[in-house]
Structures are given as C-alpha cells and as structure tokens.
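First the structure, in the form of structure tokens, and then the observations on it.
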Amino acid sequence: MRLVFTRFSNSSTAATTDRPDWRSGLFWLACASLVWLGGCVQMPREPSDSMSADSWSGRLSLQVQTEPPQSFSGGFEIKGNPNKGELMLNSPLGNTVLAARWSPQQATLYSGSETRRYASIDALIEQSTGAALPVTALFDWLAGKDTQSNGWTADLTRQAEGHIQARRLQPLPQTELRIVLDAPSR
C-alpha cells in the first residue's frame with residue numbers, strides 16, 4: 001500500500017511526497033501479530049511415556065463433497081494409534097489451527113481458545129469435517145497396510161515414497177484424502 005502525504009508550505013499549493021507514515025505501518029504490524037498469535041492453538045501437555053512411539057508428519061488434503069463442498073489442506077503431525085493419540089493440523093503458514101487428543105474414554109478438540117469433547121475420535125472427525133474417516137484404517141495406511149473400511153479404498157502404490165491417496169464413494173458424501181509424508185516419517 002502506498003501512502004501519499006501532502007505538505008503545505010507558506011508559499012503556495014500542496015506538494016506531495018512518497019514518505020509512509022511509520023506509525024500506521026507499526027499499527028498494522030501489531031494487529032497482524034495479535035491475529036497470528038491468537039490463531040495458534042495450545043494443547044495441554046501429556047506425559048510423553050503415555051503415548052506410543054508411532055509418529056508421522058507431512059501434508060494432507062481432505063475434500064468432502066457436501067453442499068457446499070468442504071476442503072482442508074495443510075500440514076499435520078499425528079502420533080499414537082487408533083486407541084490413543086494426538087493430531088495437530090497446521091495452516092500453510094505453519095500455525096497450529098487445530099489439535100486433537102483421544103483415548104478410549106473420549107476425544108478432545110482444541111481450536112483457538114475453544115475446547116470441545118466427543119465420545120470418540122471417530123465422532124470428533126465426523127462432526128468436524130462432515131465425513132467419517134476410518135481412523136484404524138488411516139493408521140494402517142500410514143504403516144503401509146492396505147486396509148479397507150466402510151467404503152474407503154486406499155491407493156498405497158506410492159506409499160514407500162510417502163504418498164497415500166484414499167477415497168470413499170459410498171456411503172455419501174464422497175470424500176477424498178491425500179497425504180504426502182515428510183521424509184523422516186516414512
């Protein structure tokens with residue numbers, strides 16, 4: 001944005017300069033910083049020995065053919081197993097926008113300053129995305145096991161390269177999940 005300021009002199013009409021008002025720039029920088037910090041999600045810490053060593057990270061894209069269509073893409077970190085684990089979803093800029101933790105007793109979603117509890121990780125995912133994702137099959141796909149689940153089929157032909165694609169045509173809504181794992185996750 002280019003700001004033009006007018007300077008008046010005693011002698012005549014206005015002259016212009018291209019000098020920005022530094023106070024305005026500082027104000028907008030402060031606002032952007034507050035928005036960035038406010039959008040970060042903090043999940044309460046849990047003792048590290050209570051979590052499985054299985055961990056993956058990378059990028060994912062989820063498209064759900066609802067009306068209107070839903071889609072999400074960004075980075076992720078997931079650790080644990082279908083029974084107990086943690087998931088962090090990051091924006092393309094790297095900010096954590098959503099975090100989830102689950103156990104056999106419940107699943108908790110942390111989003112901004114809001115915390116929601118669900119009966120299970122499956123219920124949390126379905127209510128958050130509009131589609132049921134097969135958590136048990138997802139962990140199998142990450143490990144390279146071809147597991148079918150409730151209409152989902154996975155293409156693991158490039159899993160060794162870190163690429164996983166899964167689709168569900170039936171039951172509706174049609175859903176597609178694409179994952180690209182980071183190199184150390186493979």
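Chain lettering (A, B, ...) mirrors the order of the structure tokens, residue numbering begins at 1 for each chain separately, and ligand numbering begins at 1 in order of display.
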
Next item on the list: Determine, counting only C-alpha atoms, which protein, DNA and RNA residues have an atom within 8 Å of an atom of range 83-91 of chain A; residues of the same chain fewer than 2 positions away are not included. Present the result as number ranges by chain.
Entry: A: 51-52, 73-81, 93-104

Next item on the list: Would you mind listing what lies within 9 Å of Thr129 in chain A as a ChimeraX atom specification, with only C-alpha atoms counted and same-chain residues fewer than 2 positions away left out?
Entry: /A:62,64,70-72,124-127,131-133

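Atom to atom, CA of Pro82 in chain A and CA of Ala137 in chain A stand 8.6 Å apart.
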
Notebook entry, point to check: Of the candidates A:Phe139, A:Pro171, A:Leu177, A:Gln165, which shows the shortest atom-to-atom distance to Gly151 in chain A, using only C-alpha atoms?
Noted result: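 Smallest separation from Gly151 in chain A among the options: A:Pro171.
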
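Those residues of range 77-141 of chain A that DSSP, working from the backbone, places in strand (DSSP E or B) are Glu77, Ile78, Lys79, Gly80, Gly85, Glu86, Leu87, Met88, Leu89, Asn90, Thr96, Val97, Leu98, Ala99, Ala100, Arg101, Trp102, Ala107, Thr108, Leu109, Tyr110, Ser111, Glu114, Thr115, Arg116, Arg117 and Tyr118 of chain A.
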
Margin query: Here is a test: counting only C-alpha atoms, which residue of A:Tyr110, A:Ser149, A:Arg116, A:Trp141 is nearest to Arg178 in chain A?
Written below: A:Trp141

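Using only C-alpha atoms, the smallest distance between any of A:Asp54, A:Leu109, A:Leu156, A:Gln63 and Gly130 in chain A comes from A:Gln63.
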
Notebook entry, point to check: Counting only C-alpha atoms, which of A:Gln174, A:Ala154, A:Ala143, A:Gln159 gets nearest to Ser55 in chain A?
Noted result: A:Ala143

Note to self: I'd like the contact shell of Ala183 in chain A - 9 Å cut-off, only C-alpha atoms, skipping same-chain residues fewer than 3 positions apart - returned as a ChimeraX atom specification.
What the structure shows: /A:57-58,161-162,186

Same residues, N, CA and C atoms, output as a short mmCIF file (atom, residue, chain, number, x, y, z; two decimals), in the first residue's frame:
```
data_model
loop_
_atom_site.label_atom_id
_atom_site.label_comp_id
_atom_site.auth_asym_id
_atom_site.auth_seq_id
_atom_site.Cartn_x
_atom_site.Cartn_y
_atom_site.Cartn_z
N SER A 57 4.38 -37.17 10.05
CA SER A 57 4.11 -35.78 9.75
C SER A 57 4.17 -35.57 8.24
N GLY A 58 3.56 -34.52 7.79
CA GLY A 58 3.56 -34.22 6.36
C GLY A 58 2.47 -33.23 6.03
N GLU A 161 7.14 -43.98 -1.13
CA GLU A 161 7.63 -42.63 -1.46
C GLU A 161 6.95 -41.57 -0.58
N GLY A 162 6.04 -42.01 0.28
CA GLY A 162 5.36 -41.09 1.17
C GLY A 162 4.04 -40.54 0.66
N ARG A 186 8.66 -41.72 6.92
CA ARG A 186 8.46 -42.92 6.11
C ARG A 186 9.15 -44.12 6.67
#
```
